[in-house]
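See below for the structure under consideration.
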Amino acid sequence: MIKINNTLLAVCVIGFSVFFQVHCAIHGFDLTDEGYLMSIYQWFGTDNYYAQGAGGYPLTGYIGWLLNNIYPDGGILGMRLWGILLVTLTIIIFYNYLKRYFSPKMVLAGLLMQSLFVAQDPKPFGYNTLTALFAGVALISIIEGTLHNKKWLLLAGGLLLGFNIFVRIPNLSCLSFLIIPCFYNFKSWKDMNLKQNTVQVSTIVAGAVISSVLVWLFLMSIGADRLVIDLVASIGDTLGGKSTHGSSSLIAKYSENLLISVEYFVVFAVAILIASASHLVKPKWLKLVIWFLAFQVIYRSTYLYTSVLGDATLGMMNGLGIFGGCVYLFQGKVEKKLIALSAILFSLIIPLGSDGGFQTMWVGTWLSLPVGLSGLYHFVKQAKEQQWTLVFGTVELESVKGKIGNKKIRISSPADFKTAYYICLFSLFLAVAAKVENRAYYDPDHKSKKTFAIDSPLAKGVYASQERADIINPLLAEIRHYVKPGDTMLVYDSSPLLCYLTKTKPFAGISWPCVFYGDQYVHKFREAEQNMDRPPVIVMQNFWTSNKWGKPKASYYSSERDAPFSTKEMVRNTMSFIKRHHYQIVWSNRYYHIMMPTNSHNTQSE
């Protein structure tokens, strides 16, 4: 049997991960999610009024602003490379920790698969990346502090938890990590180390409180506390269903996600059983046919039949992580049990606060997937041959010939289940790679078509399809005649990247109205109108810009219905503003209109 050096394998896997991420960073162009964050990074530390949407993740905004200013000419690609650096650091930290307890090869497989899926994210640097890193390191610190009763590790874990809350406000859910010492110290109701448990939990809480207070004082010093207060004040609208990023149906969405996880774990198990049936046949060609059938079960269900979000693929990844982790809850040393429980908890609570659960917050499996794959590998290795025996009916005859005894046939062996597991795991790996290569969340098209440059210094090194380049480049060439860096521009309703590429300040401080949905956006809009020196240049889009771009529609802002990212009230408010200030279209390529007030023919800077 060939022995593979784990260190060399890790270097190769991490190297491939970096290569694939850079490949994805170069080929793909997004106007919405990434544009929204890039606009925030551009203004957060300079004037956070123009980064209103950062209230949900103020530290992400500040760190992004710092990194963007280290090399401001790096633009979109520069920030994507920062994200790749953080993802790679996350892989290295998690691998070096988990390999001490679990199969190094399975841990690498899980981390590689996770990093490939994350490469489709339009926010390679953002709250997703930072959450995975900070929450993961916090969890590791708490686990090790609990196992070895080291208070400094528990305090460090608590400090990171408090810090992580301001990376993304819904990361408050990570305070559930307090259950880890409770689980470890609880042996039975009569045998619980209550004193040790109280000290450990209190140490974590103290760390979280200290870092939260310090971060809040810092936010106050730069005037960003108001952004967070506005965000918290809007939670009522969110729960009331007045936001695209949250509603009263959140619980139903999370329940649906869990059901998807169960469903696709069953699909994976069925594929293993199909692949293991190859033991029943002798011809090699027939074995290959059976293996190909198992491959199709995985590949079709997790690639061909998945949505642009990758819900089926994520369902299988979450299912494998959760059920594989459960293997260690029922068998294994206490250290493995504690880590497995923590990884499952990480998978379940990290997506909380996102409107689609793990479908839009796909970082929860950073820990559970490598642990779960290792657990399933352990399970198939321990399978007993005699447990997989079929007995064909016993028949007793009272004739002279006597009895016909039992007939048995063994359908598989442990080695066959291992082979089947490898086949299914490789199939899932190919499905993830194919999903990202051909149907990336924010730019779903094959990477080979994304070879056309975007005509902006801040988009240097990033390539799009010809269709997208032909829409955006004429707009960028023309808009330079009407705005200069530092001017205010209203982009409506879902192309926030245009503010970043033109270095303009978004009107009302909001580059993407979606994040200030409904009444809150209208309030900010009217407040900005009262305080403006002159009406802003307006860029109006007439097509769907998220994921797969649509065709231009004259009825995009029909008063009879909501636009994709706007309520009727938002549309009425914007159209009333245009009419009130006598705007006219000065340029159009049907997809976009550039609009100016009739009494203004010069740029704002002139």
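Quick note on naming: the chains in the structure tokens go A, B, ... in the order shown, residues restart at 1 in each chain, and ligands are numbered from 1 in order of appearance.
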
Practice prompt. Find the spatial neighbours of Leu293 in chain A, counting only C-alpha atoms, within a cut-off of 9 Å - ignore same-chain residues fewer than 6 positions away - and output them as a list in words.
Written response: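 My list of contacting residues is Ala271, Ile274 and Ala275 of chain A.
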
Fill in: Residues near Gln520 in chain A, cut-off 10 Å, only C-alpha atoms, skip fewer than 2 positions along chain, as JSON, numbers by chain
{"A": [230, 233, 234, 237, 242, 243, 513, 515, 516, 517, 518, 522, 523, 524, 525, 570]}

Would you mind exporting the chosen residues as a short mmCIF file (atom, residue, chain, number, x, y, z; two decimals), in the first residue's frame, restricted to C-alpha atoms?
data_model
loop_
_atom_site.label_atom_id
_atom_site.label_comp_id
_atom_site.auth_asym_id
_atom_site.auth_seq_id
_atom_site.Cartn_x
_atom_site.Cartn_y
_atom_site.Cartn_z
CA ASP A 230 -30.15 52.05 13.21
CA ALA A 233 -33.95 49.63 15.41
CA SER A 234 -34.85 48.02 12.08
CA ASP A 237 -39.35 45.58 10.38
CA LYS A 242 -40.59 44.28 5.63
CA SER A 243 -37.07 43.34 4.55
CA PRO A 513 -31.47 50.17 -1.42
CA VAL A 515 -30.42 46.66 2.59
CA PHE A 516 -32.63 49.56 3.71
CA TYR A 517 -35.81 48.01 2.46
CA GLY A 518 -39.16 49.83 2.52
CA VAL A 522 -37.68 56.14 2.15
CA HIS A 523 -36.95 57.91 5.45
CA LYS A 524 -33.19 58.06 4.72
CA PHE A 525 -33.90 59.18 1.14
CA MET A 570 -39.77 52.94 -2.63
#

Worksheet item: Please, what distance in Å, to one decimal, runs between CA of Arg226 in chain A and CA of Ile210 in chain A?
Response: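 Taking CA of Arg226 in chain A and CA of Ile210 in chain A, their separation equals 20.4 Å.
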
Restrict the calculation to only C-alpha atoms, then for each residue of range 16-113 of chain A with any atom at most 12 Å from an atom of range 332-342 of chain A give the closest atom pair and their distance in Å to one decimal, rows by chain and rising residue number, as a tab-separated table.
residue	atom	partner	partner_atom	distance
A:Phe94	CA	A:Ile339	CA	11.9
A:Tyr97	CA	A:Ile339	CA	10.5
A:Leu98	CA	A:Ile339	CA	8.8
A:Lys99	CA	A:Lys336	CA	11.4
A:Arg100	CA	A:Lys336	CA	10.0
A:Tyr101	CA	A:Lys336	CA	6.6
A:Phe102	CA	A:Lys336	CA	8.0
A:Ser103	CA	A:Lys336	CA	11.6

Worksheet item: Gln42 in chain A: which residues within 7 Å, counting only C-alpha atoms, same-chain residues fewer than 4 positions away excluded, as a list in words?
Response: Met38, Trp65 and Tyr500 of chain A

For the residues in that selection, give me C-alpha atoms as an mmCIF file, in the first residue's frame.
data_model
loop_
_atom_site.group_PDB
_atom_site.id
_atom_site.type_symbol
_atom_site.label_atom_id
_atom_site.label_comp_id
_atom_site.auth_asym_id
_atom_site.auth_seq_id
_atom_site.Cartn_x
_atom_site.Cartn_y
_atom_site.Cartn_z
ATOM 1 C CA MET A 38 -16.781 47.458 -1.911
ATOM 2 C CA TRP A 65 -11.559 49.928 4.690
ATOM 3 C CA TYR A 500 -17.393 52.039 -6.133
#

Worksheet item: Restricting the calculation to only C-alpha atoms, which member of A:Ala434, A:Ile76, A:Ala132, A:Ala51 is positioned closest to Trp362 in chain A?
Response: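 Closest to Trp362 in chain A, using only C-alpha atoms: A:Ala132.
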
Need the shell around range 171-186 of chain A: protein/DNA/RNA residues with any atom at most 10 Å away, counting only C-alpha atoms. Skip same-chain ones fewer than 5 positions apart. Format as a PDB file with N, CA and C atoms, in the first residue's frame?
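Resulting contents of part_8.pdb:
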ATOM      1  N   TYR A  57     -22.522  44.884  10.200  1.00  0.00           N
ATOM      2  CA  TYR A  57     -21.177  44.303  10.303  1.00  0.00           C
ATOM      3  C   TYR A  57     -20.136  45.424  10.304  1.00  0.00           C
ATOM      4  N   TYR A 127     -17.908  39.523   5.671  1.00  0.00           N
ATOM      5  CA  TYR A 127     -18.304  38.992   6.972  1.00  0.00           C
ATOM      6  C   TYR A 127     -18.345  37.469   6.992  1.00  0.00           C
ATOM      7  N   THR A 131     -16.139  35.758   9.751  1.00  0.00           N
ATOM      8  CA  THR A 131     -16.908  34.966  10.717  1.00  0.00           C
ATOM      9  C   THR A 131     -16.332  33.567  10.852  1.00  0.00           C
ATOM     10  N   ALA A 135     -14.849  32.959  14.504  1.00  0.00           N
ATOM     11  CA  ALA A 135     -15.689  32.031  15.263  1.00  0.00           C
ATOM     12  C   ALA A 135     -15.004  30.682  15.402  1.00  0.00           C
ATOM     13  N   ALA A 138     -12.194  31.024  17.920  1.00  0.00           N
ATOM     14  CA  ALA A 138     -12.821  31.144  19.246  1.00  0.00           C
ATOM     15  C   ALA A 138     -13.276  29.782  19.750  1.00  0.00           C
ATOM     16  N   LEU A 139     -13.875  29.005  18.868  1.00  0.00           N
ATOM     17  CA  LEU A 139     -14.366  27.678  19.245  1.00  0.00           C
ATOM     18  C   LEU A 139     -13.209  26.762  19.638  1.00  0.00           C
ATOM     19  N   ILE A 142     -11.986  27.715  23.072  1.00  0.00           N
ATOM     20  CA  ILE A 142     -12.908  27.296  24.127  1.00  0.00           C
ATOM     21  C   ILE A 142     -12.824  25.792  24.355  1.00  0.00           C
ATOM     22  N   ILE A 143     -12.724  25.025  23.274  1.00  0.00           N
ATOM     23  CA  ILE A 143     -12.614  23.568  23.408  1.00  0.00           C
ATOM     24  C   ILE A 143     -11.351  23.188  24.171  1.00  0.00           C
ATOM     25  N   GLY A 145      -9.457  25.110  26.042  1.00  0.00           N
ATOM     26  CA  GLY A 145      -9.516  25.652  27.401  1.00  0.00           C
ATOM     27  C   GLY A 145     -10.370  24.806  28.317  1.00  0.00           C
ATOM     28  N   THR A 146     -11.445  24.258  27.773  1.00  0.00           N
ATOM     29  CA  THR A 146     -12.321  23.379  28.558  1.00  0.00           C
ATOM     30  C   THR A 146     -11.650  22.049  28.847  1.00  0.00           C
ATOM     31  N   LEU A 147     -11.041  21.449  27.842  1.00  0.00           N
ATOM     32  CA  LEU A 147     -10.403  20.139  28.007  1.00  0.00           C
ATOM     33  C   LEU A 147      -9.260  20.175  29.021  1.00  0.00           C
ATOM     34  N   ASN A 149      -8.647  22.869  31.106  1.00  0.00           N
ATOM     35  CA  ASN A 149      -8.960  23.832  32.175  1.00  0.00           C
ATOM     36  C   ASN A 149      -7.954  24.983  32.206  1.00  0.00           C
ATOM     37  N   LEU A 154      -9.773  30.106  27.571  1.00  0.00           N
ATOM     38  CA  LEU A 154     -11.202  30.419  27.666  1.00  0.00           C
ATOM     39  C   LEU A 154     -11.432  31.915  27.532  1.00  0.00           C
ATOM     40  N   GLY A 157     -10.965  32.852  23.930  1.00  0.00           N
ATOM     41  CA  GLY A 157     -12.154  32.466  23.167  1.00  0.00           C
ATOM     42  C   GLY A 157     -13.292  33.448  23.364  1.00  0.00           C
ATOM     43  N   GLY A 158     -13.487  33.886  24.614  1.00  0.00           N
ATOM     44  CA  GLY A 158     -14.529  34.872  24.903  1.00  0.00           C
ATOM     45  C   GLY A 158     -14.264  36.204  24.233  1.00  0.00           C
ATOM     46  N   LEU A 161     -15.184  35.915  20.679  1.00  0.00           N
ATOM     47  CA  LEU A 161     -16.639  35.886  20.503  1.00  0.00           C
ATOM     48  C   LEU A 161     -17.218  37.298  20.516  1.00  0.00           C
ATOM     49  N   GLY A 162     -16.766  38.113  21.474  1.00  0.00           N
ATOM     50  CA  GLY A 162     -17.252  39.484  21.546  1.00  0.00           C
ATOM     51  C   GLY A 162     -16.853  40.289  20.323  1.00  0.00           C
ATOM     52  N   PHE A 163     -15.639  40.098  19.873  1.00  0.00           N
ATOM     53  CA  PHE A 163     -15.140  40.763  18.678  1.00  0.00           C
ATOM     54  C   PHE A 163     -15.964  40.344  17.461  1.00  0.00           C
ATOM     55  N   ASN A 164     -16.275  39.049  17.402  1.00  0.00           N
ATOM     56  CA  ASN A 164     -16.978  38.488  16.248  1.00  0.00           C
ATOM     57  C   ASN A 164     -18.416  38.983  16.132  1.00  0.00           C
ATOM     58  N   ILE A 165     -18.998  39.397  17.247  1.00  0.00           N
ATOM     59  CA  ILE A 165     -20.361  39.928  17.202  1.00  0.00           C
ATOM     60  C   ILE A 165     -20.436  41.139  16.279  1.00  0.00           C
ATOM     61  N   PHE A 166     -19.392  41.958  16.290  1.00  0.00           N
ATOM     62  CA  PHE A 166     -19.406  43.169  15.478  1.00  0.00           C
ATOM     63  C   PHE A 166     -18.855  42.938  14.077  1.00  0.00           C
ATOM     64  N   ASP A 191     -23.073  13.853  39.368  1.00  0.00           N
ATOM     65  CA  ASP A 191     -21.629  13.976  39.163  1.00  0.00           C
ATOM     66  C   ASP A 191     -21.352  15.077  38.151  1.00  0.00           C
ATOM     67  N   MET A 192     -21.491  16.307  38.609  1.00  0.00           N
ATOM     68  CA  MET A 192     -21.217  17.456  37.755  1.00  0.00           C
ATOM     69  C   MET A 192     -20.288  18.400  38.492  1.00  0.00           C
ATOM     70  N   ASN A 193     -19.202  18.755  37.839  1.00  0.00           N
ATOM     71  CA  ASN A 193     -18.228  19.660  38.451  1.00  0.00           C
ATOM     72  C   ASN A 193     -18.748  21.089  38.314  1.00  0.00           C
ATOM     73  N   LEU A 194     -19.658  21.440  39.227  1.00  0.00           N
ATOM     74  CA  LEU A 194     -20.359  22.714  39.123  1.00  0.00           C
ATOM     75  C   LEU A 194     -19.415  23.899  39.283  1.00  0.00           C
ATOM     76  N   LYS A 195     -18.459  23.779  40.200  1.00  0.00           N
ATOM     77  CA  LYS A 195     -17.533  24.888  40.434  1.00  0.00           C
ATOM     78  C   LYS A 195     -16.685  25.156  39.194  1.00  0.00           C
ATOM     79  N   GLN A 196     -16.096  24.104  38.637  1.00  0.00           N
ATOM     80  CA  GLN A 196     -15.263  24.266  37.447  1.00  0.00           C
ATOM     81  C   GLN A 196     -16.079  24.793  36.289  1.00  0.00           C
ATOM     82  N   ASN A 197     -17.292  24.283  36.141  1.00  0.00           N
ATOM     83  CA  ASN A 197     -18.157  24.715  35.043  1.00  0.00           C
ATOM     84  C   ASN A 197     -18.484  26.201  35.170  1.00  0.00           C
ATOM     85  N   THR A 198     -18.807  26.641  36.392  1.00  0.00           N
ATOM     86  CA  THR A 198     -19.146  28.050  36.618  1.00  0.00           C
ATOM     87  C   THR A 198     -17.972  28.959  36.297  1.00  0.00           C
ATOM     88  N   VAL A 199     -16.781  28.566  36.725  1.00  0.00           N
ATOM     89  CA  VAL A 199     -15.582  29.368  36.465  1.00  0.00           C
ATOM     90  C   VAL A 199     -15.297  29.446  34.967  1.00  0.00           C
ATOM     91  N   GLN A 200     -15.408  28.316  34.280  1.00  0.00           N
ATOM     92  CA  GLN A 200     -15.112  28.291  32.850  1.00  0.00           C
ATOM     93  C   GLN A 200     -16.104  29.137  32.058  1.00  0.00           C
ATOM     94  N   VAL A 201     -17.391  28.968  32.334  1.00  0.00           N
ATOM     95  CA  VAL A 201     -18.408  29.749  31.619  1.00  0.00           C
ATOM     96  C   VAL A 201     -18.246  31.238  31.919  1.00  0.00           C
ATOM     97  N   SER A 202     -17.991  31.569  33.183  1.00  0.00           N
ATOM     98  CA  SER A 202     -17.832  32.975  33.582  1.00  0.00           C
ATOM     99  C   SER A 202     -16.630  33.611  32.899  1.00  0.00           C
ATOM    100  N   ILE A 204     -15.398  32.823  29.935  1.00  0.00           N
ATOM    101  CA  ILE A 204     -15.771  33.091  28.533  1.00  0.00           C
ATOM    102  C   ILE A 204     -16.658  34.326  28.445  1.00  0.00           C
ATOM    103  N   VAL A 205     -17.649  34.417  29.340  1.00  0.00           N
ATOM    104  CA  VAL A 205     -18.561  35.564  29.340  1.00  0.00           C
ATOM    105  C   VAL A 205     -17.793  36.852  29.600  1.00  0.00           C
ATOM    106  N   ALA A 208     -16.022  37.937  26.481  1.00  0.00           N
ATOM    107  CA  ALA A 208     -16.960  38.465  25.482  1.00  0.00           C
ATOM    108  C   ALA A 208     -17.432  39.872  25.852  1.00  0.00           C
ATOM    109  N   VAL A 334     -13.657  11.301  24.774  1.00  0.00           N
ATOM    110  CA  VAL A 334     -14.383  12.500  25.167  1.00  0.00           C
ATOM    111  C   VAL A 334     -13.927  13.714  24.370  1.00  0.00           C
ATOM    112  N   GLU A 335     -12.637  13.770  23.999  1.00  0.00           N
ATOM    113  CA  GLU A 335     -12.154  14.904  23.208  1.00  0.00           C
ATOM    114  C   GLU A 335     -12.847  14.956  21.851  1.00  0.00           C
ATOM    115  N   LYS A 337     -15.708  13.614  21.099  1.00  0.00           N
ATOM    116  CA  LYS A 337     -17.123  13.912  21.308  1.00  0.00           C
ATOM    117  C   LYS A 337     -17.336  15.415  21.442  1.00  0.00           C
ATOM    118  N   LEU A 338     -16.455  16.054  22.206  1.00  0.00           N
ATOM    119  CA  LEU A 338     -16.606  17.485  22.442  1.00  0.00           C
ATOM    120  C   LEU A 338     -16.395  18.282  21.152  1.00  0.00           C
ATOM    121  N   ILE A 339     -15.381  17.903  20.378  1.00  0.00           N
ATOM    122  CA  ILE A 339     -15.117  18.613  19.122  1.00  0.00           C
ATOM    123  C   ILE A 339     -16.242  18.367  18.124  1.00  0.00           C
ATOM    124  N   LEU A 341     -19.395  17.654  18.770  1.00  0.00           N
ATOM    125  CA  LEU A 341     -20.562  18.433  19.203  1.00  0.00           C
ATOM    126  C   LEU A 341     -20.380  19.896  18.828  1.00  0.00           C
ATOM    127  N   SER A 342     -19.180  20.420  19.038  1.00  0.00           N
ATOM    128  CA  SER A 342     -18.900  21.822  18.722  1.00  0.00           C
ATOM    129  C   SER A 342     -19.025  22.080  17.224  1.00  0.00           C
ATOM    130  N   LEU A 345     -22.656  22.121  16.295  1.00  0.00           N
ATOM    131  CA  LEU A 345     -23.222  23.383  16.781  1.00  0.00           C
ATOM    132  C   LEU A 345     -22.831  24.529  15.854  1.00  0.00           C
ATOM    133  N   PHE A 346     -21.578  24.548  15.421  1.00  0.00           N
ATOM    134  CA  PHE A 346     -21.071  25.558  14.492  1.00  0.00           C
ATOM    135  C   PHE A 346     -21.886  25.541  13.204  1.00  0.00           C
ATOM    136  N   LEU A 348     -24.948  24.540  12.798  1.00  0.00           N
ATOM    137  CA  LEU A 348     -26.346  24.895  12.994  1.00  0.00           C
ATOM    138  C   LEU A 348     -26.558  26.371  13.313  1.00  0.00           C
ATOM    139  N   ILE A 349     -25.618  26.987  14.050  1.00  0.00           N
ATOM    140  CA  ILE A 349     -25.896  28.341  14.533  1.00  0.00           C
ATOM    141  C   ILE A 349     -25.287  29.441  13.670  1.00  0.00           C
ATOM    142  N   ILE A 350     -24.223  29.147  12.931  1.00  0.00           N
ATOM    143  CA  ILE A 350     -23.585  30.188  12.126  1.00  0.00           C
ATOM    144  C   ILE A 350     -24.536  30.794  11.081  1.00  0.00           C
ATOM    145  N   PRO A 351     -25.391  29.997  10.411  1.00  0.00           N
ATOM    146  CA  PRO A 351     -26.276  30.600   9.397  1.00  0.00           C
ATOM    147  C   PRO A 351     -27.404  31.448   9.980  1.00  0.00           C
ATOM    148  N   LEU A 352     -27.632  31.410  11.304  1.00  0.00           N
ATOM    149  CA  LEU A 352     -28.742  32.155  11.889  1.00  0.00           C
ATOM    150  C   LEU A 352     -28.587  33.651  11.607  1.00  0.00           C
ATOM    151  N   GLY A 353     -29.703  34.275  11.259  1.00  0.00           N
ATOM    152  CA  GLY A 353     -29.687  35.694  10.934  1.00  0.00           C
ATOM    153  C   GLY A 353     -29.632  35.963   9.447  1.00  0.00           C
TER     154      GLY A 353
END

Item to complete: Using only C-alpha atoms, pick whichever of A:Leu155, A:Val586, A:Ala54, A:Ala469 has the shortest atom-to-atom distance to Ala206 in chain A.
Response: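 Among the listed residues, the smallest separation from Ala206 in chain A belongs to A:Leu155.
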
Worksheet entry | d(CA of Gly83 in chain A, CA of Asp445 in chain A) in Å |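 Computing the Euclidean distance for CA of Gly83 in chain A and CA of Asp445 in chain A yields 22.0 Å.
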
Worksheet item: Which of these, A:Ile298, A:Val380, A:Met316, A:Leu250, has the shortest distance to Lys418 in chain A once you count only C-alpha atoms?
Response: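 Of A:Ile298, A:Val380, A:Met316, A:Leu250, the one nearest Lys418 in chain A is A:Val380, counting only C-alpha atoms.
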
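For the set A:Gly136, A:Gly223, A:Pro444, A:Pro122, the residue with the smallest atom-to-atom gap to Thr32 in chain A is A:Pro122, counting only C-alpha atoms.
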
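Nearest residue to Ala294 in chain A, choosing from A:Met596, A:Ile585, A:Cys424, A:Val537 and counting only C-alpha atoms: A:Cys424.
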
Discussion item. One decimal, in Å: what's the spacing between CA of Tyr441 in chain A and CA of Val118 in chain A?
Written reply: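 The value is 9.9 Å.
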
Item to complete: May I have the residues within 12 Å of Trp512 in chain A as number ranges by chain, using only C-alpha atoms and disregarding those fewer than 2 positions away in the same chain?
Response: A: 31-40, 50-54, 489-500, 505-510, 514-517, 521, 545-546, 565-566

Worksheet item: Which residue, A:Phe295, A:Tyr482, A:Phe16, A:Phe577, has the smallest gap to Glu529 in chain A when you use only C-alpha atoms?
Response: A:Phe577

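For Ala269 in chain A, the residues within 12 Å (counting only C-alpha atoms, excluding itself and residues fewer than 3 positions away along the chain) are Val262, Glu263, Tyr264, Phe265, Val266, Ile272, Leu273, Ile274, Ala275, Ser276, Ala294, Val297, Ile298, Met316, Gly319, Leu320, Phe323, Gly324, Leu376, Val380, Phe417, Ala420, Tyr421, Ile423, Cys424 and Leu425 of chain A.
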
Requested write-out: N, CA, C and O atoms of the selected residues, as a compact mmCIF listing (two decimals), in the first residue's frame:
# COMPACT_ATOMS: atom_id res chain seq x y z
N VAL A 262 -31.04 16.28 5.72
CA VAL A 262 -31.40 14.87 5.93
C VAL A 262 -31.61 14.18 4.58
O VAL A 262 -31.11 13.07 4.33
N GLU A 263 -32.33 14.86 3.70
CA GLU A 263 -32.65 14.28 2.39
C GLU A 263 -31.38 13.94 1.61
O GLU A 263 -31.25 12.83 1.06
N TYR A 264 -30.44 14.85 1.59
CA TYR A 264 -29.24 14.61 0.77
C TYR A 264 -28.21 13.73 1.46
O TYR A 264 -27.36 13.14 0.78
N PHE A 265 -28.29 13.61 2.77
CA PHE A 265 -27.47 12.60 3.42
C PHE A 265 -27.97 11.21 3.02
O PHE A 265 -27.17 10.29 2.78
N VAL A 266 -29.28 11.06 2.94
CA VAL A 266 -29.86 9.79 2.49
C VAL A 266 -29.44 9.50 1.05
O VAL A 266 -29.11 8.35 0.71
N ILE A 272 -23.70 5.17 -1.79
CA ILE A 272 -22.70 4.24 -1.23
C ILE A 272 -23.17 2.80 -1.38
O ILE A 272 -22.40 1.91 -1.77
N LEU A 273 -24.44 2.56 -1.09
CA LEU A 273 -24.97 1.19 -1.22
C LEU A 273 -24.92 0.73 -2.67
O LEU A 273 -24.60 -0.44 -2.95
N ILE A 274 -25.22 1.64 -3.59
CA ILE A 274 -25.15 1.27 -5.01
C ILE A 274 -23.72 0.93 -5.39
O ILE A 274 -23.46 -0.10 -6.03
N ALA A 275 -22.78 1.77 -5.00
CA ALA A 275 -21.37 1.54 -5.35
C ALA A 275 -20.84 0.26 -4.72
O ALA A 275 -20.06 -0.47 -5.33
N SER A 276 -21.28 -0.04 -3.49
CA SER A 276 -20.79 -1.25 -2.81
C SER A 276 -21.33 -2.52 -3.45
O SER A 276 -20.75 -3.61 -3.29
N ALA A 294 -23.52 5.17 -9.32
CA ALA A 294 -23.40 5.85 -8.03
C ALA A 294 -22.94 7.30 -8.23
O ALA A 294 -23.43 8.22 -7.57
N VAL A 297 -25.82 9.46 -9.28
CA VAL A 297 -26.73 9.79 -8.18
C VAL A 297 -26.23 11.03 -7.43
O VAL A 297 -27.01 11.95 -7.13
N ILE A 298 -24.93 11.08 -7.16
CA ILE A 298 -24.35 12.22 -6.45
C ILE A 298 -24.30 13.45 -7.36
O ILE A 298 -24.76 14.54 -6.99
N MET A 316 -26.14 18.47 1.03
CA MET A 316 -25.33 17.27 1.22
C MET A 316 -24.12 17.55 2.10
O MET A 316 -23.78 16.75 2.98
N GLY A 319 -25.43 17.79 5.57
CA GLY A 319 -25.87 16.48 6.03
C GLY A 319 -24.70 15.58 6.40
O GLY A 319 -24.72 14.91 7.45
N LEU A 320 -23.67 15.57 5.57
CA LEU A 320 -22.49 14.76 5.86
C LEU A 320 -21.80 15.25 7.12
O LEU A 320 -21.32 14.45 7.94
N PHE A 323 -24.38 14.37 10.32
CA PHE A 323 -24.53 12.94 10.61
C PHE A 323 -23.18 12.26 10.81
O PHE A 323 -23.06 11.35 11.64
N GLY A 324 -22.16 12.71 10.06
CA GLY A 324 -20.84 12.16 10.28
C GLY A 324 -20.29 12.53 11.64
O GLY A 324 -19.64 11.72 12.32
N LEU A 376 -17.62 9.53 9.09
CA LEU A 376 -18.16 8.54 8.16
C LEU A 376 -17.07 7.56 7.70
O LEU A 376 -17.33 6.36 7.54
N VAL A 380 -17.30 3.45 8.11
CA VAL A 380 -17.19 2.42 7.07
C VAL A 380 -15.99 1.50 7.34
O VAL A 380 -16.00 0.32 6.95
N PHE A 417 -17.14 -1.07 1.16
CA PHE A 417 -17.76 0.16 1.64
C PHE A 417 -16.76 1.31 1.62
O PHE A 417 -17.12 2.45 1.36
N ALA A 420 -16.57 2.33 -1.95
CA ALA A 420 -17.81 3.04 -2.29
C ALA A 420 -17.79 4.45 -1.72
O ALA A 420 -18.23 5.42 -2.36
N TYR A 421 -17.30 4.58 -0.49
CA TYR A 421 -17.22 5.89 0.16
C TYR A 421 -16.30 6.82 -0.61
O TYR A 421 -16.63 7.98 -0.85
N ILE A 423 -15.54 6.66 -3.78
CA ILE A 423 -16.18 6.99 -5.06
C ILE A 423 -17.20 8.11 -4.87
O ILE A 423 -17.25 9.07 -5.64
N CYS A 424 -18.03 8.00 -3.84
CA CYS A 424 -19.07 9.00 -3.60
C CYS A 424 -18.46 10.33 -3.17
O CYS A 424 -18.95 11.40 -3.57
N LEU A 425 -17.41 10.28 -2.38
CA LEU A 425 -16.75 11.51 -1.95
C LEU A 425 -16.11 12.22 -3.14
O LEU A 425 -16.22 13.45 -3.29

Item to complete: List the neighbours of Glu478 in chain A out to 10 Å using only C-alpha atoms; skip same-chain residues closer than 6 positions along the sequence, and give me the result as a VMD selection string.
Response: chain A and resid 586 to 588 594

Practice prompt. From a DSSP calculation on the backbone, collect every residue of range 72-214 of chain A in alpha helix (DSSP H) and output the set as an MDAnalysis selection string.
Written response: chainID A and resid 75:98 104:118 127:148 151:165 179:185 194:214

Discussion item. Based on the backbone DSSP call, show me all residues of range 401-514 of chain A assigned strand (DSSP E), as a list in words.
Written reply: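 Strand (DSSP E) members of range 401-514 of chain A, listed: Lys403, Ile404, Lys407, Lys408, Ile409, Arg410, Phe452, Ala453, Tyr463, Ala464, Thr488, Met489, Leu490, Val491, Tyr492, Lys505 and Pro506 of chain A.
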